[in-house]
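Engineer: Take a look at input-v5.txt, compact mmCIF, C-alpha atoms and all ligand atoms:
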# COMPACT_ATOMS: atom_id res chain seq x y z
CA MET A 4 -65.00 -38.85 12.08
CA PHE A 5 -65.65 -36.21 9.42
CA LYS A 6 -66.18 -36.81 5.69
CA CYS A 7 -63.40 -35.58 3.42
CA GLN A 8 -64.13 -37.14 0.03
CA ASP A 9 -65.02 -33.77 -1.43
CA PHE A 10 -61.97 -31.73 -0.53
CA ASN A 11 -58.20 -32.13 -0.47
CA TYR A 12 -57.23 -28.97 1.47
CA ALA A 13 -58.69 -27.86 4.80
CA VAL A 14 -58.29 -25.69 7.87
CA PHE A 15 -58.61 -27.44 11.25
CA GLY A 16 -59.52 -25.54 14.42
CA ASN A 17 -61.83 -25.11 17.42
CA PRO A 18 -63.76 -22.85 17.05
CA ILE A 19 -63.75 -22.70 13.26
CA ASN A 20 -66.98 -20.96 12.17
CA HIS A 21 -65.23 -17.55 12.05
CA THR A 22 -62.62 -18.64 9.50
CA GLN A 23 -62.29 -16.87 6.16
CA SER A 24 -59.62 -19.27 4.86
CA PRO A 25 -61.96 -21.21 2.50
CA ILE A 26 -62.99 -17.93 0.79
CA ILE A 27 -59.39 -16.81 0.42
CA HIS A 28 -58.22 -20.16 -0.99
CA LYS A 29 -61.13 -20.33 -3.40
CA TYR A 30 -60.11 -16.91 -4.65
CA PHE A 31 -56.44 -18.00 -5.00
CA SER A 32 -57.54 -21.13 -6.85
CA VAL A 33 -59.57 -19.12 -9.39
CA GLN A 34 -56.89 -16.46 -9.74
CA THR A 35 -54.06 -18.95 -10.41
CA ASN A 36 -56.11 -21.56 -12.27
CA ILE A 37 -54.91 -24.20 -9.80
CA LEU A 38 -57.75 -26.49 -8.82
CA HIS A 39 -57.93 -27.19 -5.09
CA THR A 40 -60.96 -27.71 -2.90
CA TYR A 41 -60.69 -26.30 0.61
CA GLN A 42 -63.01 -26.61 3.62
CA ALA A 43 -63.13 -25.73 7.29
CA VAL A 44 -63.16 -28.62 9.78
CA TYR A 45 -64.21 -28.33 13.42
CA VAL A 46 -62.00 -30.54 15.61
CA PRO A 47 -62.93 -31.62 19.16
CA LEU A 48 -60.16 -30.56 21.55
CA ASP A 49 -58.73 -34.07 22.00
CA SER A 50 -58.96 -35.18 18.36
CA LEU A 51 -56.41 -33.28 16.25
CA TYR A 52 -54.12 -36.28 15.63
CA SER A 53 -56.94 -38.65 14.64
CA PHE A 54 -58.51 -36.02 12.36
CA LEU A 55 -55.22 -35.20 10.61
CA SER A 56 -54.28 -38.89 10.24
CA PHE A 57 -57.68 -39.65 8.70
CA PHE A 58 -57.48 -36.62 6.38
CA PHE A 59 -54.01 -37.42 5.05
CA LYS A 60 -54.82 -41.16 4.66
CA ASN A 61 -57.79 -40.17 2.49
CA ASN A 62 -57.96 -37.18 0.14
CA GLY A 63 -55.88 -34.74 2.17
CA VAL A 64 -52.89 -33.04 0.55
CA GLY A 65 -52.56 -29.78 2.48
CA ALA A 66 -53.88 -28.36 5.75
CA ASN A 67 -53.94 -25.17 7.73
CA ILE A 68 -54.10 -25.28 11.52
CA THR A 69 -55.65 -22.61 13.68
CA ALA A 70 -56.12 -22.09 17.44
CA PRO A 71 -55.68 -23.91 19.70
CA PHE A 72 -53.81 -26.64 17.80
CA LYS A 73 -50.64 -25.06 16.38
CA LYS A 74 -48.29 -26.38 19.05
CA GLU A 75 -49.86 -29.87 18.84
CA ALA A 76 -49.64 -29.87 15.02
CA TYR A 77 -45.88 -29.30 15.30
CA PHE A 78 -45.51 -32.77 16.86
CA PHE A 79 -47.71 -34.39 14.19
CA CYS A 80 -45.25 -33.53 11.39
CA ASN A 81 -42.25 -35.70 10.58
CA LYS A 82 -40.52 -32.98 8.57
CA LEU A 83 -40.31 -29.27 9.35
CA THR A 84 -39.26 -26.07 7.61
CA GLU A 85 -36.68 -23.87 9.37
CA GLN A 86 -39.30 -21.37 10.57
CA ALA A 87 -41.51 -24.17 11.94
CA LYS A 88 -38.54 -25.64 13.82
CA ILE A 89 -37.76 -22.25 15.36
CA ALA A 90 -41.42 -21.56 16.18
CA GLN A 91 -42.14 -25.09 17.47
CA SER A 92 -45.58 -24.32 16.14
CA VAL A 93 -47.15 -25.19 12.79
CA ASN A 94 -49.97 -23.58 10.82
CA THR A 95 -49.47 -25.27 7.42
CA LEU A 96 -49.03 -28.95 6.57
CA LYS A 97 -48.20 -30.54 3.24
CA LYS A 98 -48.22 -34.22 2.31
CA LEU A 99 -45.03 -34.95 0.39
CA LYS A 100 -44.61 -37.50 -2.41
CA ASN A 101 -42.97 -39.99 -0.02
CA GLN A 102 -46.02 -39.58 2.34
CA ASP A 103 -44.05 -37.53 4.90
CA ILE A 104 -45.96 -34.63 6.41
CA LEU A 105 -44.06 -31.34 6.16
CA GLY A 106 -44.92 -28.67 8.73
CA ASP A 107 -44.40 -24.95 8.08
CA ASN A 108 -45.30 -21.74 9.86
CA THR A 109 -46.43 -18.83 7.68
CA ASP A 110 -47.83 -16.64 10.49
CA GLY A 111 -44.58 -14.70 10.92
CA ILE A 112 -44.15 -13.73 7.29
CA GLY A 113 -47.92 -13.13 7.10
CA LEU A 114 -47.95 -10.66 9.98
CA LEU A 115 -44.72 -8.90 8.98
CA SER A 116 -45.94 -8.47 5.38
CA ASP A 117 -49.17 -6.90 6.60
CA LEU A 118 -47.44 -4.60 9.10
CA ILE A 119 -45.17 -3.41 6.27
CA ARG A 120 -48.18 -2.92 3.96
CA LEU A 121 -49.84 -0.77 6.65
CA ASN A 122 -46.61 1.08 7.47
CA PHE A 123 -47.08 -0.07 11.09
CA ILE A 124 -43.52 -1.32 11.62
CA LYS A 125 -39.96 -0.06 11.38
CA LYS A 126 -36.63 -1.55 12.41
CA LYS A 127 -35.83 -0.94 16.11
CA TYR A 128 -39.49 -0.58 17.02
CA SER A 129 -40.40 -1.52 20.57
CA ILE A 130 -43.32 -3.96 20.43
CA LEU A 131 -45.67 -5.09 23.18
CA ILE A 132 -47.24 -8.48 22.44
CA LEU A 133 -50.31 -9.58 24.40
CA GLY A 134 -50.42 -13.38 24.52
CA ALA A 135 -47.96 -16.26 24.44
CA GLY A 136 -49.71 -19.01 22.50
CA GLY A 137 -49.02 -20.82 19.22
CA ALA A 138 -49.57 -17.70 17.10
CA VAL A 139 -46.98 -15.76 19.11
CA GLN A 140 -44.47 -18.57 18.63
CA GLY A 141 -45.14 -18.25 14.91
CA ILE A 142 -44.60 -14.49 14.67
CA LEU A 143 -41.65 -13.86 16.99
CA PHE A 144 -38.77 -14.92 14.75
CA ALA A 145 -39.94 -12.65 11.92
CA LEU A 146 -40.31 -9.63 14.24
CA LEU A 147 -36.98 -10.21 16.01
CA SER A 148 -35.16 -10.77 12.70
CA PHE A 149 -36.63 -7.50 11.44
CA GLY A 150 -34.74 -5.82 14.31
CA CYS A 151 -37.53 -5.04 16.76
CA SER A 152 -37.44 -5.34 20.57
CA ILE A 153 -40.24 -7.43 22.02
CA PHE A 154 -42.02 -7.37 25.37
CA ILE A 155 -44.47 -10.17 26.18
CA LEU A 156 -47.45 -9.68 28.48
CA ASN A 157 -49.54 -12.80 29.07
CA ARG A 158 -52.24 -13.95 31.49
CA THR A 159 -50.08 -16.91 32.52
CA VAL A 160 -46.64 -15.46 33.25
CA LEU A 161 -45.00 -18.90 33.07
CA ASN A 162 -46.05 -19.24 29.41
CA ALA A 163 -44.55 -15.81 28.65
CA GLU A 164 -41.31 -16.85 30.38
CA LYS A 165 -41.13 -20.10 28.38
CA ILE A 166 -41.53 -18.21 25.11
CA VAL A 167 -38.83 -15.70 26.07
CA THR A 168 -36.44 -18.56 26.88
CA GLN A 169 -37.24 -20.15 23.52
CA PHE A 170 -36.58 -16.97 21.49
CA GLN A 171 -33.93 -15.00 23.39
CA LYS A 172 -31.13 -16.29 21.15
CA TYR A 173 -32.80 -14.58 18.17
CA GLY A 174 -32.93 -11.03 19.52
CA ASN A 175 -34.09 -8.63 22.18
CA ILE A 176 -37.09 -10.15 23.96
CA GLN A 177 -38.32 -10.06 27.55
CA VAL A 178 -41.38 -10.60 29.71
CA LEU A 179 -43.11 -7.32 30.55
CA LYS A 180 -42.84 -6.64 34.24
CA LYS A 181 -44.60 -3.35 34.84
CA ASN A 182 -42.43 -2.17 37.73
CA GLU A 183 -39.16 -2.92 35.89
CA LEU A 184 -40.07 -1.02 32.77
CA LYS A 185 -37.59 1.57 31.57
CA ILE A 186 -38.86 2.51 28.10
CA LYS A 187 -41.17 5.48 27.49
CA TYR A 188 -43.75 3.96 25.16
CA PHE A 189 -44.41 1.16 22.70
CA ASP A 190 -44.36 1.84 18.96
CA LEU A 191 -46.62 -1.12 18.29
CA VAL A 192 -49.01 -3.21 20.40
CA ILE A 193 -50.04 -6.58 18.98
CA ASN A 194 -53.00 -8.40 20.49
CA ALA A 195 -52.36 -12.11 19.94
CA ARG A 196 -54.70 -13.57 22.54
CA SER A 197 -57.54 -15.93 21.69
CA LYS A 198 -61.02 -15.92 23.27
CA ILE A 199 -61.47 -12.46 21.85
CA SER A 200 -64.79 -11.85 23.57
CA GLU A 201 -63.37 -12.56 27.03
CA THR A 202 -60.01 -10.82 27.08
CA ASN A 203 -59.51 -7.79 29.30
CA ASN A 204 -57.60 -4.83 27.86
CA ASP A 205 -57.25 -2.75 31.01
CA ILE A 206 -54.05 -4.66 31.78
CA ILE A 207 -52.17 -2.39 29.36
CA PRO A 208 -50.81 0.67 31.17
CA LEU A 209 -51.80 3.74 29.14
CA SER A 210 -48.65 5.53 30.32
CA LEU A 211 -46.67 3.21 28.01
CA LEU A 212 -48.54 4.31 24.90
CA CYS A 213 -48.52 7.43 22.78
CA LEU A 214 -51.93 7.45 21.19
CA LYS A 215 -50.87 9.65 18.28
CA LYS A 216 -47.87 7.44 17.48
CA THR A 217 -48.41 3.92 18.81
CA HIS A 218 -49.76 1.41 16.28
CA PHE A 219 -52.32 -1.15 17.45
CA TYR A 220 -52.76 -4.45 15.61
CA ASP A 221 -55.21 -7.19 16.60
CA ILE A 222 -54.27 -10.45 14.87
CA ASN A 223 -57.87 -11.48 15.42
CA TYR A 224 -60.67 -10.39 13.13
CA GLN A 225 -64.44 -10.63 13.10
CA LYS A 226 -67.29 -8.85 11.33
CA ASN A 227 -67.85 -6.39 14.18
CA ASN A 228 -64.91 -4.80 15.93
CA THR A 229 -63.10 -7.11 18.32
CA LYS A 230 -63.12 -6.08 21.97
CA PHE A 231 -59.49 -5.01 21.58
CA ILE A 232 -60.24 -2.82 18.55
CA ASP A 233 -63.15 -1.21 20.41
CA TRP A 234 -60.80 -0.54 23.32
CA CYS A 235 -58.18 1.04 20.99
CA ILE A 236 -60.83 3.32 19.50
CA SER A 237 -62.19 4.20 22.97
CA ILE A 238 -58.77 5.36 24.19
CA GLY A 239 -58.31 7.50 21.05
CA ALA A 240 -55.65 5.47 19.22
CA HIS A 241 -54.78 6.86 15.78
CA PHE A 242 -53.39 3.75 14.07
CA VAL A 243 -55.50 0.60 14.43
CA SER A 244 -55.89 -2.54 12.34
CA ASN A 245 -57.36 -6.00 12.71
CA GLY A 246 -55.65 -9.17 11.41
CA ILE A 247 -57.50 -9.73 8.14
CA GLY A 248 -54.43 -8.71 6.09
CA MET A 249 -52.22 -11.11 8.07
CA LEU A 250 -54.72 -13.86 7.31
CA ALA A 251 -54.49 -13.16 3.57
CA PHE A 252 -50.67 -13.00 3.56
CA GLN A 253 -50.19 -16.18 5.63
CA ALA A 254 -52.68 -17.96 3.35
CA ALA A 255 -50.75 -16.84 0.27
CA HIS A 256 -47.55 -18.32 1.70
CA ALA A 257 -49.37 -21.58 2.52
CA PHE A 258 -50.65 -21.67 -1.07
CA PHE A 259 -47.08 -21.18 -2.26
CA LEU A 260 -45.86 -24.12 -0.14
CA TRP A 261 -48.55 -26.35 -1.61
CA HIS A 262 -48.41 -25.28 -5.27
CA ASN A 263 -45.15 -23.38 -5.76
CA VAL A 264 -47.11 -20.38 -7.07
CA MET A 265 -47.49 -17.13 -5.11
CA PRO A 266 -50.97 -15.65 -5.58
CA LYS A 267 -51.53 -11.90 -5.68
CA ILE A 268 -53.15 -10.82 -2.46
CA HIS A 269 -53.93 -7.11 -2.52
CA TYR A 270 -57.23 -7.64 -4.32
CA ILE A 271 -58.42 -10.24 -1.79
CA ILE A 272 -57.48 -7.89 1.07
CA ASP A 273 -59.65 -5.22 -0.55
CA ILE A 274 -62.56 -7.68 -0.78
CA LEU A 275 -62.16 -8.84 2.84
CA ARG A 276 -61.82 -5.29 4.12
CA LYS A 277 -65.34 -4.54 2.89
CA THR A 278 -66.59 -6.95 5.58
CA TYR A 279 -63.80 -6.75 8.14
CA SER A 280 -62.76 -3.15 7.75
CA VAL A 281 -60.71 -1.90 10.61
CA GLU A 282 -57.73 -0.07 9.34
CA LYS A 283 -57.58 3.40 10.67
CA LYS A 284 -54.91 5.97 10.04
CA ARG A 285 -55.72 9.42 11.35
CA VAL A 286 -52.73 11.59 10.59
N1 LIG A 301 -55.06 -13.19 11.44
C1 LIG A 301 -54.42 -14.33 11.37
O1 LIG A 301 -53.94 -14.74 10.31
C2 LIG A 301 -54.19 -15.16 12.61
C3 LIG A 301 -53.11 -16.05 12.61
C4 LIG A 301 -52.89 -16.79 13.76
C5 LIG A 301 -53.76 -16.68 14.86
N2 LIG A 301 -54.80 -15.82 14.81
C6 LIG A 301 -55.69 -15.71 16.00
O2 LIG A 301 -54.86 -15.46 17.14
C7 LIG A 301 -55.48 -15.98 18.31
C8 LIG A 301 -54.43 -16.74 19.15
O3 LIG A 301 -54.11 -17.95 18.48
P1 LIG A 301 -53.12 -19.03 19.15
O4 LIG A 301 -52.92 -20.10 18.12
O5 LIG A 301 -51.94 -18.36 19.74
O6 LIG A 301 -54.01 -19.59 20.36
P2 LIG A 301 -53.50 -20.39 21.63
O7 LIG A 301 -52.26 -21.15 21.32
O8 LIG A 301 -54.68 -21.11 22.15
O9 LIG A 301 -53.04 -19.22 22.69
C9 LIG A 301 -54.03 -18.44 23.32
C10 LIG A 301 -53.40 -17.22 24.00
O10 LIG A 301 -54.47 -16.35 24.43
C11 LIG A 301 -54.41 -16.20 25.85
N3 LIG A 301 -55.78 -16.20 26.37
C12 LIG A 301 -56.77 -17.08 26.11
N4 LIG A 301 -57.88 -16.74 26.76
C13 LIG A 301 -57.60 -15.59 27.44
C14 LIG A 301 -58.36 -14.75 28.31
N5 LIG A 301 -59.65 -15.00 28.59
N6 LIG A 301 -57.75 -13.66 28.85
C15 LIG A 301 -56.44 -13.39 28.56
N7 LIG A 301 -55.67 -14.16 27.74
C16 LIG A 301 -56.26 -15.25 27.21
C17 LIG A 301 -53.62 -17.41 26.34
O11 LIG A 301 -53.06 -17.10 27.61
P3 LIG A 301 -52.55 -18.24 28.62
O12 LIG A 301 -51.13 -18.58 28.22
O13 LIG A 301 -52.65 -17.57 29.92
O14 LIG A 301 -53.49 -19.41 28.45
C18 LIG A 301 -52.58 -17.54 25.23
O15 LIG A 301 -51.56 -16.59 25.38
C19 LIG A 301 -56.63 -16.85 17.85
O16 LIG A 301 -57.86 -16.16 18.11
C20 LIG A 301 -56.41 -17.01 16.35
O17 LIG A 301 -57.60 -17.14 15.61
C21 LIG A 301 -55.04 -15.05 13.72
Now, as a test, write the supplied structure out as C-alpha cells.
Structural biologist:
Amino acid sequence: MFKCQDFNYAVFGNPINHTQSPIIHKYFSVQTNILHTYQAVYVPLDSLYSFLSFFFKNNGVGANITAPFKKEAYFFCNKLTEQAKIAQSVNTLKKLKNQDILGDNTDGIGLLSDLIRLNFIKKKYSILILGAGGAVQGILFALLSFGCSIFILNRTVLNAEKIVTQFQKYGNIQVLKKNELKIKYFDLVINARSKISETNNDIIPLSLLCLKKTHFYDINYQKNNTKFIDWCISIGAHFVSNGIGMLAFQAAHAFFLWHNVMPKIHYIIDILRKTYSVEKKRV
C-alpha cells in the first residue's frame, strides 16, 4: 500500500505521472489561504477500492480520480451528486462528517467552462466526440443541456451504443454511423480518448469538417502536442485547443466541493499555458 500520512487530498490514476493536478491545487491553496496537501497516487489496475479505502481510513479527506477509474469510483461512493448520478462516473470524492463518501463529477462543467472561455461552443452546435469512456460520461450532460447535438465515434461501437442509451433522455445524441450521416459538417470535434500516443485520427472523415470553422478540442494535454493536436494542425484546422483549461476548471469545481470556496482560475490557466500551450485561433 502507499503512504499517505503527509497529504489529505490526492489524485488517483494509472498512468499518473502526466498529471498537473497537484500544481493546480497547490496554487488554489495559496491563493485562497486554505491549507490542503495534495499528491498524485499511482494505482495498479485492480487496486482502486483498496487504495481509496486505505486513504479515507487514514488522512484522506478529498480525492480526484482520473483514467481509467472514473466508472469504478462511481460504485465506491455511498452518496452522489446529481451530475455524478447522471454520469455514472465520478472524478471527485469527498469524505463527509458522517464518514460517507460523496461522489461528484466536475468534468462536464470543467469542459463547458473552457469551451465558453475559448468561444469554441454555441447552442445548437453539432459535436463529434471521439471516445466513450468515463470522461465522456462526465461531459455529456453538460453539452446536451447546453443545447448541442452529439455524435459519438468510438473504437468499440458497443460502448458508444451504451452511452447513447444512457444519455438519450437528456437530448439529441447518436452513434456516428458514417453511411447514415446527413449533416454537412461538425462545429466542434472533441477528442476524449485515452492512450493518446496510440490513437489513430484517420477515422475522422475530412468531408465532415470545415477547417476554417470547425473547432477541435483535445481533452488530453501533454508538454508536446498530442497526436490529435498534431493531426489537427497537419490538416490545417484554424481553431485548436488542448484540455489544460478543462483541467483547471474541473479542479476549481472540485476545490469548491471540498472547501466551499471557488478559486480564481484564469491566472493558473495562463501559467499552465506557458508549458502546455495549444490554443490556436487563426481568424
Ligand atoms: N483535461 C481534463 O481535465 C481531463 C478530464 C478527464 C479526462 N481527461 C483525459 O481523457 C482521457 C480519457 O479518459 P477516460 O476517463 O474516459 O478513460 P477511459 O474510461 O479509460 O476511456 C478510454 C476511451 O479511449 C478509447 N481508447 C483507448 N485506447 C484507444 C486506442 N488505442 N484507440 C482508440 N480509442 C482508444 C476507449 O475506447 P474503447 O471503448 O474502445 O475501449 C474509450 O473510449 C484520458 O487520457 C484522461 O487523462 C482529461
Engineer: Skip Asp205 of chain A itself and residues of its chain fewer than 3 positions away, then list as a list in words all residues within 9 Å of it, counting only C-alpha atoms.
Structural biologist: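 With the cut-off at 9 Å, the set is Pro208, Leu209 and Trp234 of chain A.
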Engineer: Excluding Thr217 of chain A and its own-chain neighbours fewer than 2 positions away, which residues fall within 7 Å of it when counting all atoms listed in the file? Please give them as a ChimeraX atom specification.
Structural biologist: /A:189-191,212-215,219,242
Engineer: Within 8 Å of ligand LIG 301 (chain A), which residues show up when you count only C-alpha atoms and all ligand atoms? List them as a ChimeraX atom specification, please.
Structural biologist: /A:69-74,94,110,113-114,133-141,157-163,195-203,221-224,245-254
Engineer: Need the shell around segment 150-154 of chain A: protein/DNA/RNA residues with any atom at most 9 Å away, counting only C-alpha atoms. Skip same-chain ones fewer than 3 positions apart. Format as a tab-separated table (two decimals) with C-alpha atoms, in the frame of the given file?
Structural biologist:
chain	number	residue	atom	x	y	z
A	124	ILE	CA	-43.52	-1.32	11.62
A	125	LYS	CA	-39.96	-0.06	11.38
A	126	LYS	CA	-36.63	-1.55	12.41
A	127	LYS	CA	-35.83	-0.94	16.11
A	128	TYR	CA	-39.49	-0.58	17.02
A	129	SER	CA	-40.40	-1.52	20.57
A	130	ILE	CA	-43.32	-3.96	20.43
A	131	LEU	CA	-45.67	-5.09	23.18
A	132	ILE	CA	-47.24	-8.48	22.44
A	133	LEU	CA	-50.31	-9.58	24.40
A	143	LEU	CA	-41.65	-13.86	16.99
A	145	ALA	CA	-39.94	-12.65	11.92
A	146	LEU	CA	-40.31	-9.63	14.24
A	147	LEU	CA	-36.98	-10.21	16.01
A	167	VAL	CA	-38.83	-15.70	26.07
A	174	GLY	CA	-32.93	-11.03	19.52
A	175	ASN	CA	-34.09	-8.63	22.18
A	176	ILE	CA	-37.09	-10.15	23.96
A	177	GLN	CA	-38.32	-10.06	27.55
A	178	VAL	CA	-41.38	-10.60	29.71
A	179	LEU	CA	-43.11	-7.32	30.55
A	180	LYS	CA	-42.84	-6.64	34.24
Engineer: Could you check the closest approach to Phe170 of chain A for each of A:Ala90, A:Ala66, A:Ile274, A:Ile268 and tell me which residue wins, using only C-alpha atoms?
Structural biologist: A:Ala90
Engineer: Let me have the centre and edge lengths in Å, one decimal, of the box along x, y and z around every listed atom of segment 250-269 of chain A with 5 Å of margin on each side, as lines of an AutoDock Vina configuration file.
Structural biologist:
center_x = -49.9
center_y = -16.7
center_z = 0.1
size_x = 19.6
size_y = 29.2
size_z = 24.4
Engineer: When you look at segment 45-52 of chain A with a cut-off of 9 Å (counting all atoms listed in the file), what residues show up, excluding the ones that are within fewer than 2 positions of it in the same chain? I need them as a PyMOL selection string.
Structural biologist: chain A and resi 5+14-20+43+54-57+71-72+75-76+79
Engineer: Of the candidates A:Ile112, A:Leu156, A:Ala255, A:Cys80, which one gets nearest to Ile207 of chain A if we count all atoms listed in the file?
Structural biologist: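 Comparing A:Ile112, A:Leu156, A:Ala255, A:Cys80 against Ile207 of chain A, the winner is A:Leu156.
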Engineer: Find the distance between atom CA of Asn11 of chain A and atom CA of Glu85 of chain A and write it in Å to one decimal.
Structural biologist: 25.1 Å
Engineer: Can you work out which one of A:Asn263, A:Ala257, A:Leu121, A:Thr95 has the shortest atom-to-atom distance to Tyr77 of chain A, counting only C-alpha atoms?
Structural biologist: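 With only C-alpha atoms as the atom set, the closest residue is A:Thr95.
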Engineer: Between A:Phe144, A:Phe59, A:Tyr188, A:Tyr173, which is the closest to Leu99 of chain A once you count all atoms listed in the file?
Structural biologist: A:Phe59
Engineer: Between A:Asp9, A:Leu211, A:His256, A:Lys226, which one has atoms that come closest to Leu96 of chain A, using only C-alpha atoms?
Structural biologist: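 Closest candidate: A:His256.
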Engineer: One decimal, Å: what's the distance from atom CA of Leu105 of chain A over to atom CA of Ile89 of chain A, could you say?
Structural biologist: 14.4 Å
